[in-house]
Amino acid sequence: MTTDSIEDAVVSAAHARGYAINSTTMATVAVDLAGSTLVSDMIVIPGKGTLAVQDYLRDLHDRAPSGFSRLQEPNKPDAERTVTEMRPKRPLDAAWHHRHSRATGITKTMMDEIARTRA
């Protein structure tokens with residue numbers, strides 16, 4: 001198996017745990033596991049032994065926690081959604097429409113985009 005299949009296995013394991021891995025951390029995966037092979041859900045590292053994908057993922061998360069982010073979950077209850085996730089659903093109030101009617105230039109353009117995405 002290629003390094004790509006190992007990287008795919010690591011990404012799949014991360015997704016199963018609710019995480020996405022950024023590109024910098026994926027570069028670490030490529031370096032860590034260069035020359036390794038994947039047998040079932042085990043990574044065979046030349047000269048070092050065998051490691052489960054889940055164990056490698058746990059170690060990677062411990063070493064580089066900033067390289068992981070929570071996957072977006074659009075179906076979660078509103079009580080668990082962030083302000084940013086809720087903002088598109090919130091209706092624009094009368095004060096906003098009043099400011100929009102007086103806006104010009106780039107402000108008007110940006111407010112038009114906001115109105116379009118919330119409609």
# chains A, B, ... in the order shown; residues from 1 in each chain; ligands from 1
>>> residues_around(residues="range 53-67 of chain A", least_positions_apart="3", cutoff="6 Å", atoms="only C-alpha atoms", output="number ranges by chain")
A: 21-22, 25, 41-42
>>> select_by_dssp(residues="chain A", states="helix (DSSP H, G or I)", output="PyMOL selection string")
chain A and resi 3-16+23-32+53-63+65-67+78-80+83-89+94-102+105-118
>>> write_last_selection(atoms="C-alpha atoms", output="tab-separated table (two decimals), in the first residue's frame")
chain	number	residue	atom	x	y	z
A	3	THR	CA	1.63	6.39	1.84
A	4	ASP	CA	-1.58	7.89	0.40
A	5	SER	CA	-3.59	4.93	1.66
A	6	ILE	CA	-2.07	5.33	5.12
A	7	GLU	CA	-2.86	9.05	5.08
A	8	ASP	CA	-6.42	8.22	3.97
A	9	ALA	CA	-6.72	5.76	6.87
A	10	VAL	CA	-5.53	8.42	9.33
A	11	VAL	CA	-7.96	11.01	7.92
A	12	SER	CA	-10.82	8.48	8.03
A	13	ALA	CA	-10.00	7.59	11.64
A	14	ALA	CA	-9.93	11.30	12.54
A	15	HIS	CA	-13.29	11.88	10.84
A	16	ALA	CA	-14.75	8.91	12.72
A	23	SER	CA	-2.44	20.31	5.96
A	24	THR	CA	0.55	21.05	8.22
A	25	THR	CA	-0.31	18.13	10.47
A	26	MET	CA	-0.88	15.92	7.43
A	27	ALA	CA	2.68	16.78	6.32
A	28	THR	CA	3.81	15.45	9.72
A	29	VAL	CA	1.87	12.24	9.02
A	30	ALA	CA	3.66	11.88	5.67
A	31	VAL	CA	7.07	12.35	7.30
A	32	ASP	CA	6.31	10.10	10.29
A	53	VAL	CA	-4.10	3.63	13.13
A	54	GLN	CA	-6.13	4.72	16.19
A	55	ASP	CA	-3.00	4.64	18.39
A	56	TYR	CA	-1.05	6.70	15.86
A	57	LEU	CA	-3.93	9.18	15.65
A	58	ARG	CA	-4.03	9.52	19.45
A	59	ASP	CA	-0.26	10.13	19.54
A	60	LEU	CA	-0.49	12.66	16.71
A	61	HIS	CA	-3.27	14.52	18.52
A	62	ASP	CA	-1.18	14.61	21.70
A	63	ARG	CA	1.82	16.01	19.79
A	65	PRO	CA	-3.50	19.34	19.09
A	66	SER	CA	-3.69	22.59	17.13
A	67	GLY	CA	-3.63	20.56	13.91
A	78	ASP	CA	-29.51	24.73	18.08
A	79	ALA	CA	-28.43	24.64	21.74
A	80	GLU	CA	-25.06	23.23	20.58
A	83	VAL	CA	-23.00	32.14	17.17
A	84	THR	CA	-21.33	31.97	13.76
A	85	GLU	CA	-23.45	28.97	12.79
A	86	MET	CA	-26.63	30.67	13.98
A	87	ARG	CA	-25.99	34.06	12.37
A	88	PRO	CA	-27.17	33.09	8.86
A	89	LYS	CA	-30.52	31.95	10.29
A	94	ALA	CA	-35.37	47.03	10.86
A	95	ALA	CA	-32.30	48.96	12.05
A	96	TRP	CA	-30.10	46.87	9.75
A	97	HIS	CA	-32.40	47.55	6.79
A	98	HIS	CA	-32.33	51.28	7.60
A	99	ARG	CA	-28.49	51.30	7.62
A	100	HIS	CA	-28.52	49.23	4.41
A	101	SER	CA	-30.72	51.78	2.65
A	102	ARG	CA	-28.21	54.58	3.45
A	105	GLY	CA	-19.68	51.85	-1.88
A	106	ILE	CA	-18.05	48.73	-0.47
A	107	THR	CA	-20.28	48.82	2.60
A	108	LYS	CA	-23.36	48.62	0.36
A	109	THR	CA	-21.79	45.77	-1.62
A	110	MET	CA	-21.00	43.80	1.53
A	111	MET	CA	-24.44	44.44	3.03
A	112	ASP	CA	-26.05	43.31	-0.26
A	113	GLU	CA	-24.09	40.05	0.06
A	114	ILE	CA	-25.26	39.59	3.65
A	115	ALA	CA	-28.87	40.15	2.62
A	116	ARG	CA	-28.50	37.70	-0.27
A	117	THR	CA	-27.05	34.94	1.94
A	118	ARG	CA	-29.72	35.35	4.60
>>> select_by_dssp(residues="chain A", states="strand (DSSP E or B)", output="number ranges by chain")
A: 19-21, 37-39, 42-45, 49-52, 68-70
